[in-house]
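Below is the file final_19.txt, which contains compact mmCIF, N, CA and C atoms.
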# COMPACT_ATOMS: atom_id res chain seq x y z
N MET T 1 92.52 117.75 71.35
CA MET T 1 92.06 117.14 72.58
C MET T 1 92.81 117.79 73.74
N SER T 2 92.07 118.30 74.71
CA SER T 2 92.67 118.90 75.89
C SER T 2 92.66 117.88 77.02
N CYS T 3 93.67 117.93 77.86
CA CYS T 3 93.77 116.98 78.97
C CYS T 3 94.16 117.74 80.22
N ASP T 4 93.31 117.70 81.25
CA ASP T 4 93.63 118.39 82.50
C ASP T 4 94.94 117.87 83.08
N LEU T 5 95.22 116.62 82.90
CA LEU T 5 96.47 116.01 83.36
C LEU T 5 97.36 115.84 82.13
N SER T 6 97.69 116.95 81.49
CA SER T 6 98.33 116.90 80.18
C SER T 6 99.62 116.09 80.17
N ASP T 7 100.36 116.07 81.27
CA ASP T 7 101.60 115.28 81.29
C ASP T 7 101.33 113.79 81.11
N PHE T 8 100.17 113.33 81.52
CA PHE T 8 99.85 111.90 81.45
C PHE T 8 99.30 111.49 80.08
N CYS T 9 98.64 112.41 79.39
CA CYS T 9 97.97 112.06 78.13
C CYS T 9 98.98 111.75 77.04
N GLY T 10 98.69 110.71 76.28
CA GLY T 10 99.54 110.27 75.19
C GLY T 10 99.76 108.77 75.28
N GLU T 11 100.69 108.28 74.45
CA GLU T 11 100.99 106.85 74.40
C GLU T 11 102.32 106.56 75.09
N TRP T 12 102.34 105.45 75.82
CA TRP T 12 103.49 105.04 76.62
C TRP T 12 103.77 103.56 76.39
N ARG T 13 105.05 103.20 76.27
CA ARG T 13 105.44 101.79 76.10
C ARG T 13 106.30 101.37 77.28
N LEU T 14 106.08 100.15 77.74
CA LEU T 14 106.84 99.62 78.88
C LEU T 14 108.33 99.54 78.54
N ARG T 15 109.17 100.08 79.42
CA ARG T 15 110.61 100.01 79.27
C ARG T 15 111.20 98.99 80.23
N SER T 16 110.75 99.00 81.49
CA SER T 16 111.29 98.07 82.47
C SER T 16 110.25 97.77 83.54
N SER T 17 110.47 96.66 84.24
CA SER T 17 109.54 96.23 85.27
C SER T 17 110.31 95.54 86.39
N CYS T 18 110.00 95.89 87.61
CA CYS T 18 110.68 95.31 88.77
C CYS T 18 109.65 94.78 89.76
N ASN T 19 109.74 93.50 90.11
CA ASN T 19 108.90 92.88 91.13
C ASN T 19 107.47 92.59 90.66
N PHE T 20 107.27 92.51 89.35
CA PHE T 20 105.93 92.30 88.80
C PHE T 20 105.38 90.92 89.18
N ASP T 21 106.21 89.89 89.13
CA ASP T 21 105.76 88.54 89.47
C ASP T 21 105.27 88.48 90.91
N GLU T 22 106.01 89.09 91.82
CA GLU T 22 105.61 89.08 93.24
C GLU T 22 104.28 89.82 93.44
N TYR T 23 104.10 90.91 92.72
CA TYR T 23 102.85 91.66 92.79
C TYR T 23 101.68 90.79 92.30
N LEU T 24 101.86 90.13 91.16
CA LEU T 24 100.81 89.27 90.62
C LEU T 24 100.50 88.11 91.55
N LYS T 25 101.51 87.57 92.22
CA LYS T 25 101.28 86.50 93.21
C LYS T 25 100.36 86.98 94.33
N LYS T 26 100.58 88.21 94.80
CA LYS T 26 99.75 88.77 95.88
C LYS T 26 98.30 88.92 95.45
N LEU T 27 98.08 89.06 94.13
CA LEU T 27 96.72 89.17 93.59
C LEU T 27 96.14 87.80 93.25
N ASP T 28 96.87 86.74 93.59
CA ASP T 28 96.44 85.36 93.35
C ASP T 28 96.30 85.03 91.86
N VAL T 29 97.13 85.64 91.03
CA VAL T 29 97.15 85.32 89.60
C VAL T 29 97.91 84.01 89.43
N ASN T 30 97.36 83.08 88.64
CA ASN T 30 97.98 81.76 88.49
C ASN T 30 99.31 81.86 87.73
N CYS T 31 100.09 80.82 87.85
CA CYS T 31 101.46 80.78 87.32
C CYS T 31 101.50 81.02 85.81
N VAL T 32 100.63 80.37 85.06
CA VAL T 32 100.63 80.51 83.61
C VAL T 32 100.31 81.95 83.21
N ALA T 33 99.29 82.53 83.82
CA ALA T 33 98.91 83.90 83.51
C ALA T 33 100.02 84.88 83.90
N ARG T 34 100.70 84.60 85.02
CA ARG T 34 101.83 85.46 85.43
C ARG T 34 102.94 85.43 84.40
N LYS T 35 103.28 84.24 83.89
CA LYS T 35 104.35 84.12 82.88
C LYS T 35 103.99 84.90 81.62
N VAL T 36 102.74 84.79 81.18
CA VAL T 36 102.29 85.51 79.99
C VAL T 36 102.36 87.02 80.23
N ALA T 37 101.89 87.46 81.39
CA ALA T 37 101.88 88.89 81.71
C ALA T 37 103.29 89.46 81.76
N GLN T 38 104.23 88.68 82.27
CA GLN T 38 105.61 89.16 82.38
C GLN T 38 106.28 89.32 81.03
N LYS T 39 105.86 88.55 80.04
CA LYS T 39 106.46 88.63 78.70
C LYS T 39 105.86 89.75 77.86
N ALA T 40 104.71 90.25 78.27
CA ALA T 40 104.01 91.28 77.50
C ALA T 40 104.73 92.63 77.61
N THR T 41 104.68 93.39 76.53
CA THR T 41 105.21 94.75 76.52
C THR T 41 104.05 95.69 76.21
N PRO T 42 103.31 96.10 77.23
CA PRO T 42 102.11 96.89 76.98
C PRO T 42 102.39 98.29 76.46
N VAL T 43 101.43 98.75 75.67
CA VAL T 43 101.37 100.15 75.27
C VAL T 43 100.14 100.72 75.97
N VAL T 44 100.32 101.83 76.66
CA VAL T 44 99.25 102.48 77.41
C VAL T 44 98.93 103.80 76.74
N ASP T 45 97.65 104.00 76.45
CA ASP T 45 97.19 105.25 75.84
C ASP T 45 96.26 105.93 76.84
N ILE T 46 96.64 107.12 77.28
CA ILE T 46 95.83 107.88 78.24
C ILE T 46 95.26 109.07 77.49
N SER T 47 93.93 109.22 77.56
CA SER T 47 93.27 110.33 76.85
C SER T 47 92.20 110.96 77.74
N TYR T 48 91.75 112.11 77.30
CA TYR T 48 90.77 112.90 78.04
C TYR T 48 89.78 113.50 77.07
N SER T 49 88.49 113.40 77.41
CA SER T 49 87.46 114.02 76.58
C SER T 49 86.24 114.32 77.43
N GLY T 50 85.81 115.56 77.45
CA GLY T 50 84.58 115.94 78.12
C GLY T 50 84.54 115.61 79.60
N GLY T 51 85.66 115.73 80.28
CA GLY T 51 85.70 115.47 81.72
C GLY T 51 85.96 114.03 82.09
N THR T 52 86.09 113.16 81.09
CA THR T 52 86.30 111.74 81.33
C THR T 52 87.68 111.32 80.82
N TYR T 53 88.38 110.55 81.62
CA TYR T 53 89.69 110.00 81.25
C TYR T 53 89.51 108.56 80.82
N THR T 54 90.34 108.13 79.89
CA THR T 54 90.35 106.75 79.44
C THR T 54 91.79 106.26 79.40
N ILE T 55 92.02 105.10 80.01
CA ILE T 55 93.33 104.45 79.95
C ILE T 55 93.13 103.12 79.22
N VAL T 56 93.74 103.01 78.05
CA VAL T 56 93.69 101.77 77.27
C VAL T 56 95.06 101.12 77.36
N THR T 57 95.10 99.89 77.86
CA THR T 57 96.34 99.13 77.96
C THR T 57 96.25 97.98 76.98
N GLN T 58 97.20 97.96 76.04
CA GLN T 58 97.13 97.00 74.94
C GLN T 58 98.41 96.16 74.88
N THR T 59 98.22 94.83 74.78
CA THR T 59 99.31 93.90 74.52
C THR T 59 98.90 93.07 73.31
N SER T 60 99.78 92.18 72.89
CA SER T 60 99.44 91.32 71.75
C SER T 60 98.31 90.35 72.09
N LEU T 61 98.06 90.12 73.37
CA LEU T 61 97.05 89.15 73.78
C LEU T 61 95.76 89.75 74.33
N GLN T 62 95.84 90.98 74.85
CA GLN T 62 94.68 91.52 75.56
C GLN T 62 94.68 93.04 75.51
N THR T 63 93.49 93.61 75.46
CA THR T 63 93.33 95.06 75.59
C THR T 63 92.35 95.30 76.72
N THR T 64 92.73 96.18 77.65
CA THR T 64 91.82 96.56 78.73
C THR T 64 91.60 98.06 78.66
N THR T 65 90.39 98.48 78.97
CA THR T 65 90.03 99.89 78.94
C THR T 65 89.42 100.27 80.28
N THR T 66 89.93 101.34 80.87
CA THR T 66 89.39 101.88 82.11
C THR T 66 88.99 103.33 81.85
N THR T 67 87.73 103.63 82.10
CA THR T 67 87.20 104.98 81.90
C THR T 67 86.74 105.52 83.25
N PHE T 68 87.13 106.76 83.54
CA PHE T 68 86.81 107.31 84.87
C PHE T 68 86.75 108.82 84.85
N VAL T 69 86.11 109.35 85.89
CA VAL T 69 86.11 110.78 86.21
C VAL T 69 86.86 110.90 87.53
N LEU T 70 87.78 111.85 87.60
CA LEU T 70 88.55 112.03 88.84
C LEU T 70 87.62 112.18 90.04
N ASN T 71 87.99 111.53 91.14
CA ASN T 71 87.30 111.63 92.44
C ASN T 71 85.91 111.00 92.47
N GLU T 72 85.55 110.22 91.45
CA GLU T 72 84.24 109.54 91.43
C GLU T 72 84.44 108.03 91.45
N GLU T 73 83.84 107.37 92.45
CA GLU T 73 83.95 105.92 92.56
C GLU T 73 83.20 105.24 91.42
N PHE T 74 83.75 104.11 90.94
CA PHE T 74 83.11 103.36 89.87
C PHE T 74 83.40 101.87 90.05
N GLU T 75 82.58 101.03 89.41
CA GLU T 75 82.77 99.58 89.42
C GLU T 75 83.79 99.23 88.36
N GLU T 76 84.76 98.37 88.71
CA GLU T 76 85.81 98.00 87.78
C GLU T 76 86.03 96.49 87.77
N SER T 77 86.19 95.93 86.59
CA SER T 77 86.63 94.54 86.43
C SER T 77 88.08 94.62 85.97
N THR T 78 89.00 94.10 86.77
CA THR T 78 90.42 94.24 86.48
C THR T 78 90.90 93.19 85.48
N ALA T 79 92.07 93.42 84.91
CA ALA T 79 92.65 92.48 83.95
C ALA T 79 92.90 91.11 84.58
N ASP T 80 93.11 91.08 85.91
CA ASP T 80 93.36 89.81 86.59
C ASP T 80 92.07 89.17 87.11
N GLY T 81 90.91 89.74 86.77
CA GLY T 81 89.63 89.11 87.10
C GLY T 81 88.96 89.58 88.37
N ARG T 82 89.55 90.52 89.10
CA ARG T 82 88.92 91.01 90.32
C ARG T 82 87.79 91.98 89.99
N LYS T 83 86.80 92.03 90.87
CA LYS T 83 85.74 93.03 90.81
C LYS T 83 86.05 94.02 91.93
N CYS T 84 86.10 95.30 91.57
CA CYS T 84 86.52 96.31 92.54
C CYS T 84 85.63 97.54 92.48
N LYS T 85 85.59 98.26 93.61
CA LYS T 85 85.12 99.64 93.63
C LYS T 85 86.38 100.46 93.58
N SER T 86 86.48 101.31 92.56
CA SER T 86 87.72 102.03 92.31
C SER T 86 87.48 103.53 92.27
N VAL T 87 88.57 104.27 92.51
CA VAL T 87 88.54 105.72 92.39
C VAL T 87 89.93 106.21 92.01
N PHE T 88 89.97 107.18 91.10
CA PHE T 88 91.21 107.86 90.72
C PHE T 88 91.21 109.24 91.34
N THR T 89 92.34 109.65 91.88
CA THR T 89 92.52 111.00 92.37
C THR T 89 93.83 111.54 91.82
N HIS T 90 93.99 112.86 91.90
CA HIS T 90 95.22 113.51 91.44
C HIS T 90 95.78 114.26 92.64
N GLU T 91 96.94 113.78 93.13
CA GLU T 91 97.53 114.33 94.34
C GLU T 91 98.99 114.68 94.09
N ASN T 92 99.34 115.96 94.17
CA ASN T 92 100.73 116.40 94.02
C ASN T 92 101.38 115.87 92.74
N ASN T 93 100.70 116.05 91.61
CA ASN T 93 101.18 115.61 90.29
C ASN T 93 101.30 114.10 90.15
N VAL T 94 100.61 113.35 91.00
CA VAL T 94 100.59 111.89 90.94
C VAL T 94 99.14 111.46 90.73
N LEU T 95 98.93 110.58 89.76
CA LEU T 95 97.61 110.00 89.51
C LEU T 95 97.50 108.73 90.36
N VAL T 96 96.57 108.73 91.31
CA VAL T 96 96.42 107.63 92.27
C VAL T 96 95.16 106.84 91.94
N HIS T 97 95.29 105.51 91.92
CA HIS T 97 94.19 104.60 91.59
C HIS T 97 94.02 103.62 92.76
N GLN T 98 92.92 103.75 93.50
CA GLN T 98 92.61 102.85 94.62
C GLN T 98 91.59 101.82 94.14
N GLN T 99 91.84 100.54 94.45
CA GLN T 99 90.92 99.46 94.08
C GLN T 99 90.57 98.67 95.34
N LYS T 100 89.28 98.65 95.68
CA LYS T 100 88.80 97.87 96.82
C LYS T 100 88.08 96.64 96.27
N ASN T 101 88.62 95.46 96.58
CA ASN T 101 88.06 94.20 96.11
C ASN T 101 86.66 94.01 96.70
N THR T 102 85.67 93.70 95.86
CA THR T 102 84.29 93.58 96.34
C THR T 102 83.73 92.18 96.23
N LYS T 103 84.40 91.24 95.57
CA LYS T 103 83.79 89.93 95.30
C LYS T 103 84.29 88.79 96.16
N ASP T 104 85.47 88.89 96.75
CA ASP T 104 85.98 87.78 97.54
C ASP T 104 86.93 88.32 98.61
N ASP T 105 87.69 87.45 99.19
CA ASP T 105 88.59 87.90 100.25
C ASP T 105 89.97 88.30 99.71
N GLY T 106 90.06 88.53 98.41
CA GLY T 106 91.31 88.94 97.79
C GLY T 106 91.72 90.33 98.25
N PRO T 107 92.94 90.70 97.95
CA PRO T 107 93.47 91.96 98.45
C PRO T 107 92.96 93.19 97.70
N ASP T 108 92.98 94.32 98.40
CA ASP T 108 92.80 95.60 97.75
C ASP T 108 94.14 95.96 97.12
N SER T 109 94.13 96.93 96.22
CA SER T 109 95.38 97.34 95.60
C SER T 109 95.36 98.85 95.37
N ARG T 110 96.55 99.36 95.10
CA ARG T 110 96.71 100.80 94.87
C ARG T 110 97.81 100.95 93.82
N SER T 111 97.61 101.90 92.92
CA SER T 111 98.67 102.21 91.96
C SER T 111 98.83 103.71 91.88
N THR T 112 100.05 104.12 91.56
CA THR T 112 100.33 105.53 91.33
C THR T 112 101.06 105.67 90.01
N ARG T 113 100.77 106.75 89.32
CA ARG T 113 101.46 107.09 88.07
C ARG T 113 102.03 108.49 88.24
N GLU T 114 103.31 108.62 87.90
CA GLU T 114 103.96 109.92 87.97
C GLU T 114 104.79 110.11 86.72
N VAL T 115 104.67 111.27 86.10
CA VAL T 115 105.44 111.57 84.90
C VAL T 115 106.66 112.39 85.31
N ILE T 116 107.84 111.88 84.91
CA ILE T 116 109.10 112.57 85.15
C ILE T 116 109.81 112.65 83.80
N GLY T 117 109.85 113.84 83.23
CA GLY T 117 110.42 114.00 81.89
C GLY T 117 109.57 113.24 80.88
N ASP T 118 110.21 112.36 80.10
CA ASP T 118 109.49 111.55 79.12
C ASP T 118 109.26 110.13 79.62
N GLU T 119 109.26 109.95 80.94
CA GLU T 119 108.97 108.64 81.52
C GLU T 119 107.75 108.74 82.44
N MET T 120 106.98 107.65 82.47
CA MET T 120 105.88 107.52 83.42
C MET T 120 106.24 106.35 84.34
N ILE T 121 106.28 106.63 85.62
CA ILE T 121 106.61 105.62 86.62
C ILE T 121 105.29 105.14 87.23
N LEU T 122 105.01 103.84 87.05
CA LEU T 122 103.81 103.21 87.59
C LEU T 122 104.24 102.33 88.76
N LYS T 123 103.71 102.63 89.94
CA LYS T 123 103.96 101.79 91.11
C LYS T 123 102.67 101.06 91.45
N LEU T 124 102.75 99.73 91.52
CA LEU T 124 101.62 98.87 91.83
C LEU T 124 101.83 98.30 93.22
N GLU T 125 100.83 98.42 94.10
CA GLU T 125 100.96 97.95 95.47
C GLU T 125 99.83 97.00 95.83
N ALA T 126 100.18 95.87 96.42
CA ALA T 126 99.19 94.92 96.94
C ALA T 126 99.80 94.28 98.18
N VAL T 127 99.06 94.33 99.27
CA VAL T 127 99.50 93.81 100.57
C VAL T 127 100.84 94.48 100.91
N ASP T 128 101.93 93.72 100.94
CA ASP T 128 103.22 94.27 101.33
C ASP T 128 104.21 94.30 100.17
N VAL T 129 103.71 94.22 98.93
CA VAL T 129 104.57 94.18 97.76
C VAL T 129 104.37 95.44 96.92
N VAL T 130 105.48 95.99 96.45
CA VAL T 130 105.45 97.12 95.53
C VAL T 130 106.19 96.73 94.26
N CYS T 131 105.56 96.95 93.14
CA CYS T 131 106.14 96.70 91.82
C CYS T 131 106.30 98.06 91.14
N THR T 132 107.43 98.26 90.48
CA THR T 132 107.65 99.51 89.74
C THR T 132 107.82 99.18 88.26
N ARG T 133 107.01 99.83 87.45
CA ARG T 133 107.09 99.66 85.99
C ARG T 133 107.34 101.02 85.37
N THR T 134 108.33 101.11 84.50
CA THR T 134 108.70 102.36 83.88
C THR T 134 108.32 102.33 82.40
N PHE T 135 107.63 103.37 81.96
CA PHE T 135 107.19 103.50 80.58
C PHE T 135 107.87 104.72 79.96
N TYR T 136 108.10 104.67 78.65
CA TYR T 136 108.60 105.85 77.96
C TYR T 136 107.51 106.35 77.01
N ARG T 137 107.51 107.67 76.81
CA ARG T 137 106.52 108.28 75.93
C ARG T 137 106.83 107.94 74.48
N ILE T 138 105.81 107.50 73.74
CA ILE T 138 105.96 107.24 72.31
C ILE T 138 105.77 108.56 71.59
N PRO T 139 106.76 109.00 70.83
CA PRO T 139 106.63 110.28 70.12
C PRO T 139 105.45 110.29 69.16
N GLN T 140 104.76 111.41 69.11
CA GLN T 140 103.64 111.56 68.17
C GLN T 140 104.17 111.83 66.78
N SER T 141 103.60 111.16 65.80
CA SER T 141 104.09 111.36 64.42
C SER T 141 103.37 112.49 63.73

Write out the structure in this file as structure tokens.
Amino acid sequence: MSCDLSDFCGEWRLRSSCNFDEYLKKLDVNCVARKVAQKATPVVDISYSGGTYTIVTQTSLQTTTTTFVLNEEFEESTADGRKCKSVFTHENNVLVHQQKNTKDDGPDSRSTREVIGDEMILKLEAVDVVCTRTFYRIPQS
């Protein structure tokens, strides 16, 4: 499998998270769902096939799949229940994900992924809050 963004492709496990609860609050995620989300240790699998990227995020409670082509807008249903028009771009070795909320007056959001060595740094932004989540690459067997 070839991946144009080869540094991103592979499996990643959450190592640390900073400000995640505040980020989820800005997205109007309820208290119970926030507590569950904070306890989860997701594994993220990023793959590429035929010009299409797939990001599968898996926890013991939920699996979400996002499939996209770089620079092409698509309809997305987020893990927190928002309906968005989304687009992924690749800017200066950073994978950028813009989400524009389309169903209510909830906030838009933006995330960036950057690979530094064997870590992927995910920054989640909503309104005036930034959350940083650090993942480590799971070695291939």

Between atom CA of Val29 of chain T and atom N of Gly10 of chain T, what is the spacing in Å? 28.7 Å

Between T:Leu122, T:Leu61, T:Cys84, T:Leu70, smallest distance to Lys103 of chain T by only C-alpha atoms belongs to T:Cys84

Once DSSP has gone over the backbone, tell me which residues of chain T are in strand (DSSP E), as a ChimeraX atom specification. /T:10-18,43-49,52-58,63-68,74-77,83-91,94-101,109-116,119-126,129-137

May I ask which of the residues T:Leu5, T:Gln62, T:Thr52, T:Leu24 is the closest one to Ala40 of chain T, counting only C-alpha atoms? T:Gln62

Taking all atoms listed in the file into account, which of T:Asn19, T:Tyr136, T:Arg110, T:Gly51 comes nearest Gln98 of chain T?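 The shortest atom-to-atom distance to Gln98 of chain T comes from T:Arg110.
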
Identify, on the basis of all atoms listed in the file, every residue whose closest approach to Val130 of chain T does not exceed 8 Å; exclude the query and any residue fewer than 5 positions from it along the same chain; express the result as JSON, numbers by chain. {"T": [18, 19, 20, 22, 23, 123, 124, 125]}

Enter the distance from atom CA of His90 of chain T to atom CA of Asp21 of chain T, in Å, rounded to one decimal.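 Spanning atom CA of His90 of chain T to atom CA of Asp21 of chain T is a straight-line distance of 27.2 Å.
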
Taking (100.0, 117.0, 92.6) in the file's own coordinates, collect the residues within 12 Å, counting only C-alpha atoms, and hand them back as a PyMOL selection string. chain T and resi 5+7+89-96+112-115

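With all atoms listed in the file taken into account, every residue lying no more than 8 Å from the file point (99.2, 105.9, 74.4) is included here: T:Phe8, T:Cys9, T:Gly10, T:Glu11, T:Trp12, T:Arg13, T:Val43, T:Val44, T:Asp45, T:Ile46, T:Ser47, T:Val56, T:Arg137, T:Ile138.
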
Would you pick out the contacts of Ser17 of chain T at 6 Å or less, using all atoms listed in the file, so that residues sharing its chain but fewer than 6 positions from it are not included, and give the list as number ranges by chain? T: 132-134

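Summary of the local environment: counting all atoms listed in the file, residues at most 6.5 Å from Lys83 of chain T, other than itself and those fewer than 6 positions away along its chain, are Glu76, Ser77, Lys100, Asn101, Thr102 and Lys103 of chain T.
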
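Of the listed residues T:Ser16, T:Lys26, T:Gly81, T:Gln58, the one whose atoms come nearest to Asp128 of chain T is T:Lys26, with distances taken using all atoms listed in the file.
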
What is the atom C of Ser86 of chain T to atom CA of Asp28 of chain T distance in Å?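 Those two atoms sit 20.3 Å apart.
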
Applying 7 Å and all atoms listed in the file, which residues near Glu73 of chain T remain after dropping the ones on its own chain fewer than 4 positions away? List them as an NGL selection string. :T and (69 or 85-88)

If you run DSSP on the backbone here, which positions in chain T get helix (DSSP H, G or I)? Please write them as a list in words.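 Matching residues for helix (DSSP H, G or I) in chain T are Phe20, Asp21, Glu22, Tyr23, Leu24, Lys25, Lys26, Cys31, Val32, Ala33, Arg34, Lys35, Val36, Ala37, Gln38 and Lys39 of chain T.
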